[in-house]
file entry31.csv (CSV, C-alpha atoms)
chain,number,residue,atom,x,y,z
H,1,MET,CA,12.9,12.1,79.4
H,2,THR,CA,15.4,12.1,76.5
H,3,THR,CA,15.1,10.3,73.2
H,4,ALA,CA,18.0,9.0,71.3
H,5,ALA,CA,18.6,10.9,68.0
H,6,GLN,CA,17.6,8.9,65.1
H,7,THR,CA,20.3,8.8,62.5
H,8,PRO,CA,19.2,8.4,58.9
H,9,ALA,CA,19.8,5.1,57.3
H,10,PRO,CA,22.8,5.1,55.0
H,11,ALA,CA,22.0,5.3,51.3
H,12,PRO,CA,22.2,2.0,49.5
H,13,ALA,CA,25.3,1.4,47.6
H,14,PRO,CA,24.9,1.7,43.8
H,15,VAL,CA,24.3,-1.6,42.1
H,16,PRO,CA,26.8,-2.1,39.4
H,17,GLY,CA,25.3,-2.5,35.9
H,18,ARG,CA,24.4,-6.0,34.9
H,19,PRO,CA,26.8,-7.2,32.3
H,20,ARG,CA,25.3,-7.6,28.9
H,21,ARG,CA,24.8,-11.2,28.0
H,22,ALA,CA,26.7,-12.5,25.1
H,23,TRP,CA,24.8,-13.5,22.0
H,24,SER,CA,23.9,-17.1,21.6
H,25,PRO,CA,24.9,-18.9,18.4
H,26,GLY,CA,21.2,-19.0,17.4
H,27,GLN,CA,20.9,-15.2,17.7
H,28,ILE,CA,24.1,-14.6,15.7
H,29,VAL,CA,22.8,-16.9,12.9
H,30,LEU,CA,19.3,-15.2,12.8
H,31,THR,CA,20.9,-11.8,12.8
H,32,ALA,CA,23.2,-12.7,10.0
H,33,LEU,CA,20.4,-14.3,8.0
H,34,GLY,CA,18.2,-11.2,8.5
H,35,ALA,CA,21.0,-8.9,7.4
H,36,ALA,CA,21.5,-11.0,4.3
H,37,VAL,CA,17.8,-11.0,3.4
H,38,SER,CA,17.6,-7.2,3.9
H,39,ALA,CA,20.7,-6.7,1.7
H,40,VAL,CA,19.0,-8.8,-1.1
H,41,PHE,CA,15.8,-6.7,-0.9
H,42,LEU,CA,17.6,-3.3,-0.7
H,43,SER,CA,20.2,-4.0,-3.4
H,44,PRO,CA,17.8,-3.2,-6.3
H,45,LEU,CA,17.0,0.2,-4.7
H,46,ALA,CA,20.7,0.9,-4.2
H,47,TRP,CA,21.5,-0.1,-7.8
H,48,ALA,CA,18.7,2.2,-9.1
H,49,LEU,CA,19.9,5.1,-7.0
H,50,PHE,CA,23.5,4.8,-8.1
H,51,THR,CA,22.5,4.3,-11.7
H,52,SER,CA,20.4,7.4,-11.7
H,53,LEU,CA,23.4,9.4,-10.5
H,54,LYS,CA,25.5,8.2,-13.5
H,55,SER,CA,25.7,9.6,-17.0
H,56,GLU,CA,23.9,7.8,-19.7
H,57,THR,CA,27.2,6.6,-21.2
H,58,GLU,CA,28.4,5.2,-17.9
H,59,ALA,CA,25.0,3.6,-17.1
H,60,VAL,CA,25.3,1.2,-20.1
H,61,GLU,CA,29.0,0.3,-19.6
H,62,VAL,CA,29.9,-3.4,-19.7
H,63,PRO,CA,30.9,-4.8,-17.3
H,64,PRO,CA,28.7,-2.6,-15.0
H,65,HIS,CA,29.9,-1.2,-11.7
H,66,TRP,CA,28.0,-0.1,-8.6
H,67,LEU,CA,29.3,3.4,-7.8
H,68,PRO,CA,29.5,6.1,-10.6
H,69,ASP,CA,32.9,7.4,-11.6
H,70,ASP,CA,31.4,10.9,-12.1
H,71,TRP,CA,28.5,11.7,-9.8
H,72,THR,CA,25.9,13.7,-11.8
H,73,GLY,CA,22.2,14.6,-11.5
H,74,GLN,CA,21.6,15.0,-15.2
H,75,ALA,CA,19.2,12.1,-15.3
H,76,TRP,CA,17.0,13.7,-12.6
H,77,SER,CA,17.1,17.0,-14.4
H,78,ALA,CA,16.1,15.3,-17.7
H,79,VAL,CA,13.2,13.5,-16.1
H,80,PHE,CA,11.8,16.7,-14.7
H,81,GLY,CA,12.5,18.6,-17.9
H,82,THR,CA,11.3,16.2,-20.6
H,83,GLY,CA,7.9,15.2,-19.1
H,84,ASN,CA,5.1,16.4,-17.0
H,85,ILE,CA,6.2,14.4,-14.0
H,86,THR,CA,4.5,16.7,-11.6
H,87,ASP,CA,1.1,16.3,-13.3
H,88,TRP,CA,1.6,12.5,-13.5
H,89,PHE,CA,2.4,12.5,-9.8
H,90,VAL,CA,-0.8,14.5,-9.0
H,91,ASN,CA,-2.9,12.3,-11.2
H,92,SER,CA,-1.6,9.1,-9.5
H,93,LEU,CA,-2.3,10.6,-6.1
H,94,VAL,CA,-5.8,11.7,-7.0
H,95,VAL,CA,-6.7,8.3,-8.6
H,96,SER,CA,-5.1,6.3,-5.8
H,97,VAL,CA,-6.7,8.3,-2.9
H,98,CYS,CA,-10.2,8.2,-4.5
H,99,VAL,CA,-10.0,4.5,-5.3
H,100,THR,CA,-8.9,3.8,-1.7
H,101,ALA,CA,-11.7,5.9,-0.2
H,102,VAL,CA,-14.4,4.2,-2.4
H,103,VAL,CA,-13.0,0.7,-1.7
H,104,LEU,CA,-12.9,1.3,2.0
H,105,VAL,CA,-16.6,2.4,2.0
H,106,VAL,CA,-17.8,-0.4,-0.3
H,107,ALA,CA,-15.8,-3.2,1.3
H,108,ALA,CA,-16.7,-2.2,4.8
H,109,LEU,CA,-20.4,-2.1,4.1
H,110,ALA,CA,-20.4,-5.3,2.0
H,111,GLY,CA,-18.3,-7.2,4.5
H,112,TYR,CA,-20.4,-6.1,7.5
H,113,GLY,CA,-23.6,-7.0,5.6
H,114,PHE,CA,-22.4,-10.5,4.8
H,115,ALA,CA,-21.1,-11.0,8.3
H,116,ARG,CA,-24.1,-9.7,10.3
H,117,THR,CA,-27.3,-9.8,8.3
H,118,GLU,CA,-29.3,-12.8,7.0
H,119,PHE,CA,-31.2,-12.4,3.7
H,120,ARG,CA,-32.3,-14.6,0.8
H,121,GLY,CA,-29.6,-15.3,-1.7
H,122,LYS,CA,-26.8,-14.5,0.7
H,123,GLY,CA,-24.9,-17.6,-0.2
H,124,VAL,CA,-25.2,-17.0,-3.9
H,125,LEU,CA,-23.9,-13.4,-3.6
H,126,MET,CA,-21.0,-14.5,-1.4
H,127,GLY,CA,-20.2,-17.1,-4.0
H,128,VAL,CA,-20.1,-14.4,-6.7
H,129,VAL,CA,-17.8,-12.3,-4.5
H,130,MET,CA,-15.5,-15.3,-4.0
H,131,ALA,CA,-15.6,-16.0,-7.8
H,132,GLY,CA,-14.2,-12.5,-8.3
H,133,LEU,CA,-11.0,-13.6,-6.6
H,134,MET,CA,-10.4,-16.2,-9.4
H,135,VAL,CA,-10.8,-13.8,-12.3
H,136,SER,CA,-7.7,-12.0,-13.5
H,137,PRO,CA,-8.1,-8.2,-14.0
H,138,ALA,CA,-6.5,-8.6,-17.5
H,139,VAL,CA,-9.4,-10.8,-18.6
H,140,LEU,CA,-11.9,-8.0,-17.8
H,141,GLY,CA,-10.0,-5.3,-19.7
H,142,VAL,CA,-11.9,-5.4,-22.9
H,143,PRO,CA,-15.5,-5.5,-21.5
H,144,LEU,CA,-14.6,-2.9,-18.9
H,145,PHE,CA,-13.1,-0.6,-21.6
H,146,THR,CA,-16.2,-1.1,-23.8
H,147,THR,CA,-18.5,-0.2,-20.9
H,148,VAL,CA,-16.4,2.9,-20.0
H,149,GLN,CA,-16.3,4.0,-23.6
H,150,GLN,CA,-20.1,3.7,-24.0
H,151,MET,CA,-20.5,5.8,-20.8
H,152,GLY,CA,-18.3,8.5,-22.2
H,153,MET,CA,-15.7,8.2,-19.5
H,154,VAL,CA,-12.6,7.7,-21.6
H,155,ASP,CA,-9.8,10.2,-20.8
H,156,THR,CA,-11.5,11.1,-17.5
H,157,TYR,CA,-10.6,10.5,-13.8
H,158,TRP,CA,-13.9,8.6,-13.3
H,159,GLY,CA,-12.9,6.2,-16.1
H,160,MET,CA,-9.7,5.4,-14.2
H,161,ILE,CA,-11.2,5.3,-10.8
H,162,LEU,CA,-14.6,3.4,-11.0
H,163,PRO,CA,-13.4,0.2,-12.6
H,164,GLN,CA,-10.9,-0.3,-9.8
H,165,CYS,CA,-13.5,-0.1,-7.1
H,166,ALA,CA,-14.8,-3.7,-7.2
H,167,PRO,CA,-12.7,-5.1,-4.4
H,168,ALA,CA,-13.6,-8.8,-4.0
H,169,ALA,CA,-10.5,-9.6,-1.9
H,170,MET,CA,-11.0,-6.6,0.3
H,171,VAL,CA,-14.6,-7.5,0.9
H,172,TYR,CA,-13.5,-11.0,2.0
H,173,ILE,CA,-10.8,-9.6,4.3
H,174,LEU,CA,-13.3,-7.3,6.1
H,175,TYR,CA,-16.0,-10.1,6.1
H,176,LYS,CA,-13.6,-12.4,8.0
H,177,PHE,CA,-12.7,-9.6,10.4
H,178,PHE,CA,-16.3,-8.6,11.2
H,179,GLN,CA,-17.1,-12.3,11.9
H,180,GLY,CA,-14.6,-12.1,14.8
H,181,VAL,CA,-16.1,-9.0,16.4
H,182,PRO,CA,-18.1,-10.0,19.5
H,183,ARG,CA,-21.9,-9.9,18.9
H,184,GLU,CA,-22.5,-9.0,22.5
H,185,LEU,CA,-21.2,-5.5,21.9
H,186,GLU,CA,-23.7,-4.9,19.2
H,187,GLU,CA,-26.6,-6.6,21.1
H,188,ALA,CA,-25.9,-4.3,24.1
H,189,ALA,CA,-26.1,-1.3,21.8
H,190,PHE,CA,-29.3,-2.5,20.3
H,191,ILE,CA,-30.8,-2.9,23.8
H,192,ASP,CA,-29.8,0.7,24.5
H,193,GLY,CA,-31.8,1.8,21.5
H,194,ALA,CA,-29.1,2.2,18.9
H,195,GLY,CA,-29.9,1.4,15.3
H,196,ARG,CA,-27.9,-0.6,12.8
H,197,TRP,CA,-26.1,2.4,11.3
H,198,ARG,CA,-25.2,3.8,14.6
H,199,VAL,CA,-23.8,0.5,15.8
H,200,PHE,CA,-21.8,0.2,12.6
H,201,LEU,CA,-20.4,3.7,12.8
H,202,THR,CA,-19.7,4.0,16.5
H,203,ILE,CA,-18.8,0.4,17.5
H,204,VAL,CA,-17.8,-1.7,14.6
H,205,VAL,CA,-15.8,0.8,12.6
H,206,PRO,CA,-13.6,2.0,15.6
H,207,LEU,CA,-12.9,-1.7,16.4
H,208,SER,CA,-12.0,-2.3,12.8
H,209,ARG,CA,-9.3,0.3,12.4
H,210,PRO,CA,-6.4,-2.2,12.0
H,211,ALA,CA,-8.2,-4.1,9.3
H,212,LEU,CA,-9.4,-0.9,7.6
H,213,ALA,CA,-5.9,0.5,7.7
H,214,ALA,CA,-4.5,-2.7,6.1
H,215,VAL,CA,-7.2,-2.7,3.4
H,216,GLY,CA,-6.6,1.0,2.7
H,217,ILE,CA,-2.8,0.6,2.4
H,218,PHE,CA,-3.1,-2.5,0.1
H,219,THR,CA,-5.6,-0.7,-2.1
H,220,PHE,CA,-3.5,2.4,-2.4
H,221,ILE,CA,-0.4,0.4,-3.3
H,222,ALA,CA,-2.3,-1.6,-5.9
H,223,SER,CA,-3.9,1.4,-7.5
H,224,TRP,CA,-0.6,3.4,-7.5
H,225,ASN,CA,1.2,0.5,-9.3
H,226,ASN,CA,-1.6,-0.1,-11.7
H,227,PHE,CA,-0.3,0.2,-15.2
H,228,LEU,CA,-2.6,-1.7,-17.6
H,229,TRP,CA,-6.0,0.0,-16.9
H,230,PRO,CA,-4.9,3.6,-16.9
H,231,TYR,CA,-2.9,2.8,-20.1
H,232,MET,CA,-6.0,1.4,-21.8
H,233,VAL,CA,-8.4,4.2,-20.8
H,234,THR,CA,-6.2,7.3,-21.1
H,235,ASN,CA,-4.8,8.8,-24.2
H,236,ASN,CA,-4.4,12.4,-22.9
H,237,PRO,CA,-0.8,13.0,-21.7
H,238,ASP,CA,-2.1,15.4,-19.1
H,239,LEU,CA,-4.1,12.6,-17.4
H,240,MET,CA,-1.5,9.9,-17.4
H,241,THR,CA,-0.4,8.4,-14.1
H,242,MET,CA,3.2,7.9,-13.0
H,243,PRO,CA,3.8,4.4,-14.5
H,244,ASN,CA,2.2,5.4,-17.8
H,245,GLY,CA,3.9,8.7,-18.1
H,246,ILE,CA,7.4,7.3,-17.4
H,247,ALA,CA,6.8,4.5,-19.9
H,248,THR,CA,5.7,7.0,-22.5
H,249,VAL,CA,8.9,9.1,-22.0
H,250,MET,CA,11.1,6.0,-22.3
H,251,ASN,CA,9.3,5.0,-25.6
H,252,SER,CA,9.6,8.4,-27.1
H,253,TYR,CA,13.2,9.1,-26.3
H,254,GLY,CA,14.6,5.6,-26.3
H,255,ILE,CA,15.8,3.7,-23.3
H,256,GLN,CA,17.8,6.1,-21.2
H,257,TRP,CA,18.7,3.9,-18.3
H,258,ALA,CA,19.8,6.6,-15.9
H,259,GLN,CA,16.5,8.5,-16.5
H,260,LEU,CA,14.5,5.2,-16.2
H,261,MET,CA,16.0,4.6,-12.8
H,262,ALA,CA,15.4,8.2,-11.7
H,263,GLY,CA,11.7,8.0,-12.8
H,264,GLY,CA,11.3,4.6,-11.2
H,265,LEU,CA,12.6,5.9,-7.9
H,266,MET,CA,10.3,8.9,-8.1
H,267,ALA,CA,7.3,6.7,-8.8
H,268,GLY,CA,8.2,4.3,-5.9
H,269,LEU,CA,9.0,7.0,-3.4
H,270,PRO,CA,5.3,7.3,-2.1
H,271,LEU,CA,5.1,3.6,-1.6
H,272,ILE,CA,8.3,3.5,0.4
H,273,VAL,CA,7.0,6.3,2.6
H,274,VAL,CA,3.6,4.5,3.1
H,275,PHE,CA,5.3,1.3,4.1
H,276,VAL,CA,7.8,3.0,6.4
H,277,PHE,CA,5.2,4.9,8.3
H,278,PHE,CA,2.4,2.4,8.2
H,279,GLN,CA,4.2,-1.0,8.5
H,280,ARG,CA,2.7,-1.6,12.0
H,281,GLN,CA,-0.8,-1.1,10.6
H,282,ILE,CA,-0.1,-3.5,7.8
H,283,VAL,CA,1.1,-6.2,10.2
H,284,ALA,CA,-1.7,-5.5,12.7
H,285,GLY,CA,-4.3,-5.6,10.0
H,286,VAL,CA,-3.2,-8.9,8.6
H,287,ALA,CA,-3.0,-10.4,12.1
H,288,HIS,CA,-6.5,-9.2,13.0
H,289,THR,CA,-8.2,-10.3,9.8
H,290,GLY,CA,-8.0,-14.0,10.6
H,291,LEU,CA,-6.3,-14.8,7.3
H,292,ALA,CA,-3.1,-16.0,9.0
H,293,GLY,CA,-4.9,-19.1,10.3
H,294,GLN,CA,-6.8,-19.9,7.1
call {"tool": "encode", "arguments": {"input": "entry31.csv", "output": "structure tokens"}}
result
Amino acid sequence: MTTAAQTPAPAPAPVPGRPRRAWSPGQIVLTALGAAVSAVFLSPLAWALFTSLKSETEAVEVPPHWLPDDWTGQAWSAVFGTGNITDWFVNSLVVSVCVTAVVLVVAALAGYGFARTEFRGKGVLMGVVMAGLMVSPAVLGVPLFTTVQQMGMVDTYWGMILPQCAPAAMVYILYKFFQGVPRELEEAAFIDGAGRWRVFLTIVVPLSRPALAAVGIFTFIASWNNFLWPYMVTNNPDLMTMPNGIATVMNSYGIQWAQLMAGGLMAGLPLIVVFVFFQRQIVAGVAHTGLAGQ
């Protein structure tokens, strides 16, 4: 008994690539609008960069022009040569990292306490926290300085760090986020015998990573850019932060615009890096805190 030989089925013909759809008028308008807005926001950075690569004489020419006629790095060399910019950078990094770490711990514990525990005077304490959102930090400068001076913390790292660790806004952000965490997860852990601290560290904190990342980034940026308080509490040039150190150099040697732009770019570089690498965490944190619908 013979069987007919089975011939393999022919391979399907390659499907030609789908032609790319032409952009609609709406997409063209939105793209052009986005490009224009991006150019507006990037133009100050471009101007600062080009000015830092000019000579001081060319930087003050009128009318000004974007690109330098003679490209030079004298401003950058002068910034690194006339000031302790490395020490200022390290000081800013130490202060900002410590402030961020303390704020994350304090805001997470306070926010979780307000969101999940009931105690006498909770409404009053929450009102005090909310009142802190309405007080300008400049108003608290004199009493804070008097307190720091009486405690002997002038010209110290602790004097710059501790007064920045009262984060009313960050407590509120995490409080709103913790309210959105399902209570069923915590109740299940309580039934299994977990305590409050274990529930907080093993369940709530991992679920809160987007909000904690946003709070940490916002705190780091605010502390890095803080000029007034380190200026008030620090007289030692070796303990100055980047904004104070650059301002001191400019006041001592006059306004050298090319050096000023070079120092400003140096001070803003960490913030640019933080935003570029953590922009997703910033957006996710704001979206998860519940503030968008307030």
call {"tool": "closest_residue", "arguments": {"input": "entry31.csv", "among": "H:Phe277, H:Trp66, H:Phe114, H:Phe80", "to": "Val171 (chain H)", "atoms": "all atoms listed in the file"}}
result
H:Phe114
call {"tool": "closest_atom_pairs", "arguments": {"input": "entry31.csv", "of": "region 23-105 of chain H", "to": "region 141-160 of chain H", "cutoff": "9 Å", "atoms": "only C-alpha atoms", "output": "CSV"}}
result
residue,atom,partner,partner_atom,distance
H:Asn91,CA,H:Tyr157,CA,8.3
H:Val94,CA,H:Tyr157,CA,8.4
H:Val95,CA,H:Tyr157,CA,6.9
H:Val99,CA,H:Met160,CA,9.0
call {"tool": "atom_distance", "arguments": {"input": "entry31.csv", "atom1": "CA of Gln179 (chain H)", "atom2": "CA of Ala115 (chain H)"}}
result
5.5 Å
call {"tool": "atom_distance", "arguments": {"input": "entry31.csv", "atom1": "CA of Arg196 (chain H)", "atom2": "CA of Val181 (chain H)"}}
result
14.9 Å
call {"tool": "residues_near_point", "arguments": {"input": "entry31.csv", "point": "(-17.2, -3.6, 19.2)", "cutoff": "8 Å", "atoms": "all atoms listed in the file", "output": "list of chain:residue names"}}
result
H:Val181, H:Pro182, H:Arg183, H:Leu185, H:Glu186, H:Ile203, H:Val204, H:Pro206, H:Leu207
call {"tool": "write_last_selection", "arguments": {"input": "entry31.csv", "atoms": "C-alpha atoms", "output": "PDB file, in the coordinates of the input"}}
result
ATOM      1  CA  VAL H 181     -16.100  -9.000  16.400  1.00  0.00           C
ATOM      2  CA  PRO H 182     -18.100 -10.000  19.500  1.00  0.00           C
ATOM      3  CA  ARG H 183     -21.900  -9.900  18.900  1.00  0.00           C
ATOM      4  CA  LEU H 185     -21.200  -5.500  21.900  1.00  0.00           C
ATOM      5  CA  GLU H 186     -23.700  -4.900  19.200  1.00  0.00           C
ATOM      6  CA  ILE H 203     -18.800   0.400  17.500  1.00  0.00           C
ATOM      7  CA  VAL H 204     -17.800  -1.700  14.600  1.00  0.00           C
ATOM      8  CA  PRO H 206     -13.600   2.000  15.600  1.00  0.00           C
ATOM      9  CA  LEU H 207     -12.900  -1.700  16.400  1.00  0.00           C
TER      10      LEU H 207
END
